[in-house]
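Pasted below: work.txt, compact mmCIF, C-alpha atoms.
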# COMPACT_ATOMS: atom_id res chain seq x y z
CA MET A 1155 -88.18 -6.61 -18.85
CA VAL A 1156 -85.55 -4.07 -19.41
CA MET A 1157 -82.50 -5.41 -21.14
CA SER A 1158 -79.20 -3.66 -20.82
CA THR A 1159 -75.96 -4.14 -22.61
CA VAL A 1160 -72.85 -4.05 -20.54
CA GLU A 1161 -69.39 -3.79 -22.10
CA VAL A 1162 -66.88 -5.72 -20.10
CA ARG A 1163 -63.25 -4.72 -20.53
CA ALA A 1164 -60.27 -6.45 -18.99
CA GLN A 1165 -58.89 -4.17 -16.39
CA GLY A 1166 -56.65 -4.44 -13.40
CA LEU A 1167 -57.63 -4.12 -9.79
CA ARG A 1168 -55.66 -1.74 -7.55
CA LEU A 1169 -55.17 -2.13 -3.85
CA ALA A 1170 -54.89 1.05 -1.85
CA SER A 1171 -51.34 1.30 -0.61
CA HIS A 1172 -48.40 3.63 -0.75
CA GLU A 1173 -47.02 1.97 -3.86
CA GLN A 1174 -50.47 0.97 -5.36
CA THR A 1175 -49.45 -2.49 -6.51
CA ALA A 1176 -51.29 -3.31 -9.77
CA ILE A 1177 -52.95 -6.73 -10.04
CA ALA A 1178 -53.89 -7.99 -13.49
CA PRO A 1179 -56.62 -10.65 -13.98
CA SER A 1180 -55.28 -14.16 -13.96
CA ARG A 1181 -55.65 -16.51 -16.87
CA SER A 1182 -57.03 -19.18 -14.57
CA SER A 1183 -58.10 -19.39 -10.99
CA ASN A 1184 -55.03 -21.46 -10.13
CA SER A 1185 -52.34 -19.21 -11.57
CA SER A 1186 -51.15 -15.99 -9.98
CA PRO A 1187 -49.07 -13.17 -11.52
CA ILE A 1188 -47.97 -11.84 -8.12
CA VAL A 1189 -44.23 -11.36 -7.74
CA ALA A 1190 -43.81 -12.83 -4.30
CA LEU A 1191 -41.57 -11.31 -1.68
CA LYS A 1192 -38.13 -12.83 -1.56
CA PRO A 1193 -37.38 -13.83 2.00
CA ARG A 1194 -33.95 -15.15 1.00
CA ALA A 1195 -32.86 -11.82 -0.42
CA GLN A 1196 -34.23 -10.02 2.60
CA HIS A 1197 -32.48 -12.57 4.78
CA ALA A 1198 -29.18 -11.84 3.02
CA ASP A 1199 -29.65 -8.09 3.36
CA THR A 1200 -30.58 -8.41 7.03
CA MET A 1201 -27.68 -10.71 7.81
CA SER A 1202 -25.37 -8.39 5.89
CA ALA A 1203 -26.52 -5.44 8.00
CA TYR A 1204 -26.14 -7.58 11.10
CA SER A 1205 -22.57 -8.52 10.09
CA VAL A 1206 -21.60 -4.91 9.33
CA THR A 1207 -23.02 -3.71 12.64
CA THR A 1208 -21.20 -6.45 14.53
CA MET A 1209 -17.97 -5.63 12.72
CA ARG A 1210 -18.29 -1.92 13.51
CA LEU A 1211 -18.98 -2.69 17.15
CA ALA A 1212 -15.91 -4.92 17.32
CA GLN A 1213 -13.77 -2.26 15.66
CA GLY A 1214 -15.12 0.36 18.03
CA GLN A 1215 -14.22 -1.81 21.01
CA GLN A 1216 -10.68 -2.20 19.65
CA HIS A 1217 -10.31 1.56 19.23
CA ALA A 1218 -11.71 2.14 22.71
CA THR A 1219 -9.14 -0.24 24.19
CA SER A 1220 -6.31 1.37 22.21
CA VAL A 1221 -7.26 4.87 23.32
CA GLN A 1222 -7.56 3.72 26.93
CA ILE A 1223 -4.04 2.26 26.79
CA ALA A 1224 -2.76 5.47 25.22
CA ALA A 1225 -4.40 7.65 27.88
CA GLN A 1226 -2.96 5.59 30.74
CA SER A 1227 0.51 5.73 29.18
CA LEU A 1228 0.29 9.49 28.63
CA GLN A 1229 -0.64 10.00 32.28
CA GLN A 1230 2.48 8.09 33.34
CA VAL A 1231 4.61 10.07 30.88
CA GLY A 1232 3.16 13.32 32.20
CA LYS A 1233 4.05 12.40 35.78
CA GLU A 1234 7.62 11.57 34.77
CA LEU A 1235 8.00 14.79 32.79
CA SER A 1236 6.71 16.81 35.75
CA LYS A 1237 9.20 15.06 38.02
CA MET A 1238 12.08 15.89 35.66
CA LYS A 1239 10.92 19.50 35.40
CA SER A 1240 10.89 19.76 39.19
CA GLN A 1241 14.45 18.44 39.34
CA LEU A 1242 15.66 20.98 36.78
CA SER A 1243 13.85 23.80 38.55
CA GLN A 1244 15.59 22.83 41.79
CA ALA A 1245 18.94 22.77 40.00
CA LEU A 1246 18.22 26.23 38.66
CA SER A 1247 17.68 27.44 42.21
CA VAL A 1248 20.49 25.73 44.13
CA GLY A 1249 22.94 25.03 41.31
CA VAL A 1250 23.90 21.85 39.49
CA ALA A 1251 26.90 21.37 41.75
CA GLN A 1252 24.55 20.75 44.66
CA MET A 1253 22.82 17.94 42.75
CA PRO A 1254 25.55 15.50 41.66
CA GLN A 1255 23.03 12.81 40.67
CA LEU A 1256 20.89 15.12 38.52
CA LYS A 1257 22.24 13.93 35.17
CA GLU A 1258 21.70 10.31 36.13
CA GLN A 1259 18.18 11.03 37.40
CA LEU A 1260 17.23 12.80 34.19
CA GLY A 1261 18.63 9.93 32.15
CA LYS A 1262 16.58 7.40 34.11
CA GLY A 1263 13.49 9.57 33.70
CA LYS A 1264 13.88 9.66 29.94
CA GLN A 1265 14.49 5.92 29.84
CA THR A 1266 11.31 5.33 31.84
CA ILE A 1267 9.32 7.44 29.38
CA GLU A 1268 10.72 5.60 26.37
CA GLN A 1269 9.92 2.23 27.96
CA THR A 1270 6.39 3.40 28.73
CA LEU A 1271 5.85 4.43 25.10
CA GLN A 1272 7.29 1.17 23.81
CA GLN A 1273 4.99 -0.85 26.05
CA ALA A 1274 1.91 1.19 25.14
CA ARG A 1275 0.72 -1.20 22.46
CA TYR A 1276 -2.44 -2.88 21.30
CA GLU A 1277 -2.09 -6.08 19.29
CA GLY A 1278 1.60 -5.31 18.82
CA LYS A 1279 1.13 -1.77 17.51
CA ARG A 1280 2.20 1.34 19.36
CA VAL A 1281 -0.60 3.76 20.17
CA VAL A 1282 1.49 6.82 21.14
CA ASP A 1283 4.21 8.10 18.82
CA ASN A 1284 7.56 9.72 19.55
CA GLU A 1285 5.90 13.15 19.67
CA LEU A 1286 3.44 12.00 22.37
CA ARG A 1287 0.47 12.02 20.01
CA VAL A 1288 -2.18 9.32 20.02
CA LYS A 1289 -1.99 7.36 16.77
CA LEU A 1290 -3.75 4.04 16.45
CA ASP A 1291 -2.19 2.96 13.14
CA THR A 1292 1.00 4.93 12.43
CA ALA A 1293 2.68 5.42 15.82
CA ASP A 1294 5.49 3.08 14.73
CA ILE A 1295 6.42 5.31 11.76
CA ARG A 1296 9.39 7.65 12.05
CA ARG A 1297 10.08 10.51 9.66
CA PHE A 1298 13.53 11.93 9.04
CA ALA A 1299 15.53 13.99 6.57
CA VAL A 1300 19.05 13.80 5.19
CA PRO A 1301 20.66 17.23 5.78
CA GLY A 1302 21.22 19.00 2.46
CA LEU A 1303 18.83 16.84 0.45
CA ASN A 1304 16.34 19.46 -0.76
CA ILE A 1305 14.68 19.79 -4.17
CA HIS A 1306 15.14 23.58 -4.11
CA ARG A 1307 18.87 23.41 -3.37
CA LEU A 1308 20.91 23.92 -6.55
CA SER A 1309 17.88 22.89 -8.58
CA GLU A 1310 19.59 24.02 -11.80
CA ARG A 1311 22.40 21.48 -11.29
CA ALA A 1312 22.10 17.92 -12.59
CA GLU A 1313 23.53 15.42 -10.15
CA GLN A 1314 23.31 11.76 -9.25
CA ILE A 1315 23.31 11.04 -5.53
CA ARG A 1316 23.73 7.67 -3.85
CA LEU A 1317 22.39 6.95 -0.37
CA ASP A 1318 23.77 3.96 1.53
CA PHE A 1319 21.84 2.90 4.61
CA PRO A 1320 23.45 0.88 7.44
CA GLN A 1321 21.31 -2.19 6.64
CA GLY A 1322 23.29 -2.63 3.42
CA GLN A 1323 20.59 -1.10 1.23
CA SER A 1324 21.19 1.75 -1.18
CA VAL A 1325 19.19 3.98 -3.49
CA MET A 1326 20.06 6.37 -6.32
CA ILE A 1327 18.58 9.86 -6.64
CA GLN A 1328 18.81 11.57 -10.04
CA PHE A 1329 18.38 15.35 -10.28
CA ASP A 1330 18.12 16.41 -13.95
CA GLY A 1331 18.60 20.14 -13.32
CA GLN A 1332 15.48 20.99 -15.33
CA SER A 1333 12.30 19.78 -13.63
CA ASP A 1334 10.91 21.04 -10.33
CA GLY A 1335 12.10 17.95 -8.48
CA MET A 1336 8.69 16.28 -8.13
CA LYS A 1337 9.57 13.72 -10.79
CA THR A 1338 12.72 12.89 -8.84
CA LEU A 1339 10.71 12.57 -5.64
CA LYS A 1340 8.20 10.17 -7.24
CA MET A 1341 10.98 8.00 -8.66
CA LEU A 1342 12.71 7.94 -5.26
CA ASP A 1343 9.47 6.97 -3.54
CA ARG A 1344 8.97 4.03 -5.91
CA SER A 1345 12.56 2.91 -5.33
CA LEU A 1346 12.11 2.98 -1.55
CA ILE A 1347 8.91 0.91 -1.41
CA PRO A 1348 10.72 -2.47 -1.73
CA MET A 1349 12.92 -1.35 1.17
CA GLY A 1350 9.88 -0.73 3.37
CA MET A 1351 10.33 3.04 3.24
CA ARG A 1352 8.56 5.97 1.62
CA ALA A 1353 9.54 9.50 0.56
CA SER A 1354 7.53 12.71 0.74
CA LEU A 1355 8.12 16.44 0.47
CA GLY A 1356 8.48 18.76 3.44
CA GLU A 1357 7.14 22.30 3.52
CA ASP A 1358 10.59 23.76 2.90
CA GLY A 1359 11.36 21.41 0.02
CA ALA A 1360 13.33 18.90 2.09
CA ILE A 1361 12.92 15.25 1.12
CA LEU A 1362 11.45 13.39 4.08
CA PHE A 1363 11.84 9.65 4.54
CA GLU A 1364 9.44 7.39 6.41
CA ALA A 1365 10.46 4.11 7.98
CA GLN A 1366 9.35 1.75 10.70
CA GLU A 1367 10.64 2.53 14.19
CA SER A 1368 12.70 -0.67 14.23
CA ALA A 1369 14.32 0.12 10.86
CA TYR A 1370 15.02 3.68 11.97
CA ARG A 1371 16.81 2.41 15.06
CA GLN A 1372 18.88 0.02 12.95
CA MET A 1373 20.10 2.95 10.90
CA GLN A 1374 21.70 4.31 14.08
CA GLN A 1375 20.63 7.72 12.76
CA LYS A 1376 23.39 7.61 10.16
CA VAL A 1377 23.51 7.34 6.37
CA GLN A 1378 26.32 7.57 3.82
CA VAL A 1379 25.92 10.02 0.92
CA THR A 1380 27.92 10.21 -2.29
CA GLY A 1381 27.35 13.02 -4.80
CA GLN A 1382 29.10 14.53 -7.82
CA GLY A 1383 30.47 17.67 -6.24
CA HIS A 1384 27.39 19.91 -6.27
CA ARG A 1385 25.00 19.09 -3.49
CA PHE A 1386 27.34 16.55 -1.93
CA PRO A 1387 31.07 15.84 -2.37
CA ALA A 1388 32.20 13.27 -4.91
CA GLY A 1389 34.54 10.40 -4.20
CA GLN A 1390 34.38 8.75 -0.79
CA PRO A 1391 30.96 8.53 0.89
CA ASN A 1392 30.25 11.06 3.62
CA THR A 1393 28.49 9.92 6.77
CA LEU A 1394 25.67 12.22 7.78
CA LEU A 1395 23.45 12.19 10.84
CA LEU A 1396 19.77 11.80 10.07
CA LYS A 1397 17.55 14.65 11.17
CA PRO A 1398 14.27 13.54 12.80
CA ASP A 1399 11.24 15.44 11.56
CA PRO A 1400 10.00 16.51 13.97
CA GLU A 1401 12.01 15.80 17.08
CA GLY A 1402 10.37 13.98 19.97
CA ILE A 1403 11.09 12.18 23.21
CA ALA A 1404 13.87 10.08 21.69
CA GLU A 1405 15.79 13.26 20.86
CA LEU A 1406 15.28 14.85 24.28
CA ASN A 1407 18.55 16.00 25.82
CA PHE A 1408 19.59 18.31 28.65
CA ASP A 1409 22.22 21.03 28.82
CA LEU A 1410 23.34 21.36 32.43
CA SER A 1411 26.51 23.34 31.75
CA HIS A 1412 24.93 26.75 32.42
CA ARG A 1413 21.71 28.41 33.55
CA ASP A 1414 20.50 29.18 30.02
CA GLY A 1415 20.96 25.52 29.13
CA ILE A 1416 18.86 24.47 32.11
CA LYS A 1417 16.16 26.99 31.16
CA GLN A 1418 16.13 25.64 27.62
CA SER A 1419 15.82 22.11 29.00
CA ILE A 1420 12.85 23.17 31.12
CA GLY A 1421 11.33 24.74 28.01
CA LYS A 1422 11.60 21.39 26.18
CA LEU A 1423 9.87 19.63 29.05
CA ASN A 1424 7.12 22.25 29.07
CA LYS A 1425 6.57 21.65 25.36
CA HIS A 1426 6.23 17.90 25.90
CA LEU A 1427 3.94 18.43 28.89
CA GLN A 1428 1.70 20.66 26.77
CA GLN A 1429 1.56 17.92 24.14
CA VAL A 1430 0.61 15.38 26.81
CA HIS A 1431 -2.28 17.60 27.92
CA THR A 1432 -3.40 18.08 24.32
CA SER A 1433 -3.24 14.35 23.59
CA LEU A 1434 -5.18 13.48 26.74
CA TYR A 1435 -7.87 15.99 25.77
CA ASP A 1436 -8.03 14.52 22.26
CA ALA A 1437 -8.26 11.02 23.75
CA ARG A 1438 -11.19 12.02 25.96
CA GLN A 1439 -12.99 13.66 23.03
CA PHE A 1440 -12.41 10.58 20.92
CA GLN A 1441 -13.72 8.32 23.67
CA GLN A 1442 -16.88 10.40 24.09
CA SER A 1443 -17.55 10.40 20.36
CA LEU A 1444 -16.83 6.68 20.17
CA ASN A 1445 -19.13 5.93 23.11
CA GLN A 1446 -21.98 7.78 21.43
CA GLU A 1447 -21.46 5.89 18.19
CA MET A 1448 -21.18 2.56 20.01
CA THR A 1449 -24.38 3.27 21.95
CA GLY A 1450 -26.23 4.04 18.73
CA LEU A 1451 -24.95 0.89 17.07
CA ALA A 1452 -25.76 -1.28 20.08
CA SER A 1453 -29.34 0.07 20.28
CA SER A 1454 -29.95 -0.69 16.59
CA ARG A 1455 -28.08 -3.95 16.58
CA LEU A 1456 -29.95 -6.95 15.20
CA THR A 1457 -29.66 -10.24 17.06
CA PRO A 1458 -30.16 -13.65 15.44
CA ASP A 1459 -33.52 -13.98 17.24
CA SER A 1460 -34.69 -10.60 15.98
CA VAL A 1461 -33.56 -11.51 12.46
CA ASN A 1462 -35.62 -14.72 12.55
CA GLN A 1463 -38.59 -12.86 14.00
CA GLN A 1464 -38.37 -10.26 11.24
CA LEU A 1465 -38.23 -12.96 8.56
CA GLU A 1466 -41.25 -14.72 10.06
CA GLN A 1467 -43.16 -11.44 10.01
CA TRP A 1468 -42.27 -10.90 6.37
CA GLN A 1469 -43.41 -14.43 5.54
CA THR A 1470 -46.72 -13.91 7.39
CA ASN A 1471 -47.32 -10.61 5.56
CA SER A 1472 -46.56 -12.30 2.25
CA GLU A 1473 -49.05 -15.09 2.93
CA GLN A 1474 -51.75 -12.62 4.01
CA PHE A 1475 -51.17 -10.56 0.89
CA SER A 1476 -51.42 -13.66 -1.31
CA PHE A 1477 -54.67 -14.71 0.42
CA ALA A 1478 -56.18 -11.25 -0.07
CA PHE A 1479 -55.29 -11.30 -3.75
CA ARG A 1480 -56.82 -14.73 -4.29
CA ALA A 1481 -60.02 -13.56 -2.62
CA LEU A 1482 -60.22 -10.45 -4.77
CA ASN A 1483 -59.37 -12.41 -7.88
CA ALA A 1484 -62.11 -14.94 -7.15
CA GLN A 1485 -64.68 -12.14 -6.64
CA ALA A 1486 -63.62 -10.56 -9.93
CA ASN A 1487 -64.03 -13.90 -11.74
CA VAL A 1488 -67.53 -14.42 -10.25
CA LYS A 1489 -68.70 -10.99 -11.39
CA ARG A 1490 -67.18 -11.51 -14.81
CA HIS A 1491 -68.93 -14.88 -15.26
CA SER A 1492 -72.26 -13.38 -14.08
CA VAL A 1493 -72.11 -10.59 -16.64
CA VAL A 1494 -71.16 -12.98 -19.42
CA ALA A 1495 -74.13 -15.19 -18.47
CA LEU A 1496 -76.49 -12.25 -18.69
CA LEU A 1497 -75.26 -11.39 -22.16
CA LYS A 1498 -75.98 -14.82 -23.51
Produce structure tokens that represent the structure in this file.
Amino acid sequence: MVMSTVEVRAQGLRLASHEQTAIAPSRSSNSSPIVALKPRAQHADTMSAYSVTTMRLAQGQQHATSVQIAAQSLQQVGKELSKMKSQLSQALSVGVAQMPQLKEQLGKGKQTIEQTLQQARYEGKRVVDNELRVKLDTADIRRFAVPGLNIHRLSERAEQIRLDFPQGQSVMIQFDGQSDGMKTLKMLDRSLIPMGMRASLGEDGAILFEAQESAYRQMQQKVQVTGQGHRFPAGQPNTLLLKPDPEGIAELNFDLSHRDGIKQSIGKLNKHLQQVHTSLYDARQFQQSLNQEMTGLASSRLTPDSVNQQLEQWQTNSEQFSFAFRALNAQANVKRHSVVALLK
């Protein structure tokens, strides 16, 4: 009989897979070192993905509705602007004297446009701003400047300026005559936040204010300014008209006193009509992009049934994997005991 000596070393078994999960021998046939899959964690991740997808779909539907409202409103505005342009063109041909109701008609047209823009809302928020641009979040914000309030104007002069707004609120602006004015702007911005306003810098150095549409209307486009004799006169406050930046439909006016005035008025209408066309194009592009994104989300959306089905599949795979390991572990133990018996 040929006897052979076999050296048995503890070693792990490897299952062929992409990650090659290592399995070490168990201390007993009843214990298992396998780190089991965690269905609860997977369930949380899956439900989290489901919630995010649902939220994005809901947000997309809200945006789609807002853009649709904006597009419909812009179409109505465009029709009214075209009607007003036709009236002015007729006046240019036959003369204003032949159209005694022209001024009234133009006034009603502008009023109709303003009402259309005010009513173009989704969940209380305007979706088209004063410049006829589609804005889903900031259409209610108006920007304006106080004439003469510029960080580059007399920058070498130190001066304290007081602004009194019609609502009874006031703010102080301190120019030190040394810095570039940005420090002053930042301090002003912080002072305006409690008043529901903000301050920023225009391209030409003008200080621009931002306020809600309702607050801007309450100001009646007026503010009182008191200086120290440099940028603004000292003593009694001076009432200044606010300057919208930029001007929009609310500032639309018509000069019917002469032909050049009528031509200029037609030019303003053409500018607004061009903006309507641009905004409608942007709205269509946004809708197309949104539809593609919504379609992709809807096709990959997980339903509660699919989530449960996925979890059941994971559980089944986990059980099959555990069964396969136990079988392999048992075979390894049998071979180990056989070799040990032969050595005795």
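For the atom pair formed by atom CA of A:Gln1213 and atom CA of A:Leu1444, the distance is 10.5 Å, given to one decimal.
Between A:Gln1272 and the candidates A:Val1248, A:Lys1237, A:Ala1293, A:Gln1442, the tightest atom-to-atom separation, counting all atoms listed in the file, involves A:Ala1293.
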Mind dumping a table of every stretch 1223-1320 of chain A residue within 6 Å of stretch 1324-1327 of chain A, with the nearest atom pair and its distance in Å to one decimal, using all atoms listed in the file, sorted by chain and rising number, as JSON lines?
{"residue": "A:Gln1314", "atom": "CA", "partner": "A:Ile1327", "partner_atom": "CA", "distance": 5.7}
{"residue": "A:Ile1315", "atom": "CA", "partner": "A:Ile1327", "partner_atom": "CA", "distance": 5.0}
{"residue": "A:Arg1316", "atom": "CA", "partner": "A:Met1326", "partner_atom": "CA", "distance": 4.6}
{"residue": "A:Leu1317", "atom": "CA", "partner": "A:Val1325", "partner_atom": "CA", "distance": 5.4}
{"residue": "A:Asp1318", "atom": "CA", "partner": "A:Ser1324", "partner_atom": "CA", "distance": 4.3}
{"residue": "A:Phe1319", "atom": "CA", "partner": "A:Ser1324", "partner_atom": "CA", "distance": 5.9}
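Taking atom CA of A:Ser1236 and atom CA of A:Leu1427 as the two end points, the separation is 7.6 Å.
Relative to atom CA of A:Asn1284, atom CA of A:Ala1437 is found at 16.4 Å.
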Find the spatial neighbours of A:Gln1332, counting all atoms listed in the file, within a cut-off of 8 Å - ignore same-chain residues fewer than 6 positions away - and output them as a PyMOL selection string.
chain A and resi 1309-1310+1312
Write out as a PDB file with C-alpha atoms, in the frame of the given file each polymer residue whose atoms come within 8 Å of stretch 1354-1371 of chain A, counting all atoms listed in the file; drop sequence neighbours fewer than 5 positions from it.
ATOM      1  CA  ASP A1294       5.490   3.080  14.730  1.00  0.00           C
ATOM      2  CA  ILE A1295       6.420   5.310  11.760  1.00  0.00           C
ATOM      3  CA  ARG A1296       9.390   7.650  12.050  1.00  0.00           C
ATOM      4  CA  ARG A1297      10.080  10.510   9.660  1.00  0.00           C
ATOM      5  CA  PHE A1298      13.530  11.930   9.040  1.00  0.00           C
ATOM      6  CA  ALA A1299      15.530  13.990   6.570  1.00  0.00           C
ATOM      7  CA  VAL A1300      19.050  13.800   5.190  1.00  0.00           C
ATOM      8  CA  GLY A1302      21.220  19.000   2.460  1.00  0.00           C
ATOM      9  CA  LEU A1303      18.830  16.840   0.450  1.00  0.00           C
ATOM     10  CA  ASN A1304      16.340  19.460  -0.760  1.00  0.00           C
ATOM     11  CA  ILE A1305      14.680  19.790  -4.170  1.00  0.00           C
ATOM     12  CA  HIS A1306      15.140  23.580  -4.110  1.00  0.00           C
ATOM     13  CA  LEU A1339      10.710  12.570  -5.640  1.00  0.00           C
ATOM     14  CA  ASP A1343       9.470   6.970  -3.540  1.00  0.00           C
ATOM     15  CA  ASP A1399      11.240  15.440  11.560  1.00  0.00           C
TER      16      ASP A1399
END
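Compared by their closest atoms to A:Leu1423, and using all atoms listed in the file, the residues A:Leu1308, A:Ala1404, A:Leu1235, A:Leu1396 rank with A:Leu1235 nearest.
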So which one's closest to A:Tyr1276, A:His1217, A:Arg1344, A:Lys1417, A:His1384? Using all atoms listed in the file, please.
A:His1217
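For the residues A:Ala1224, A:Ile1420, A:Ala1251, A:Ala1218, ranking by smallest atom-to-atom distance to A:Gln1446 using only C-alpha atoms places A:Ala1218 first.
Shortest atom-to-atom contact with A:Gln1418 among A:Ala1225, A:Met1209, A:Leu1242, A:Leu1286: A:Leu1242, counting only C-alpha atoms.
Using all atoms listed in the file for every distance, the candidate list A:Gln1375, A:Thr1449, A:Ser1411, A:Asn1424 yields A:Ser1411 as the residue closest to A:Lys1257.
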With a distance cut-off of 10 Å and all atoms listed in the file, select the neighbouring residues of stretch 1214-1216 of chain A, excluding the residue or stretch itself and same-chain residues fewer than 5 positions from it, and output the selection as a PyMOL selection string.
chain A and resi 1208-1209+1221-1222+1276-1277+1290+1441+1444-1445+1447-1448+1451
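If you count all atoms listed in the file and ignore residues fewer than 3 places along the chain from A:Gln1244, what sits within 12 Å of it is Lys1237, Met1238, Lys1239, Ser1240, Gln1241, Ser1247, Val1248, Gly1249, Val1250, Ala1251, Gln1252, Met1253, Leu1256, Arg1413, Ile1416, Lys1417 and Ile1420 of chain A.
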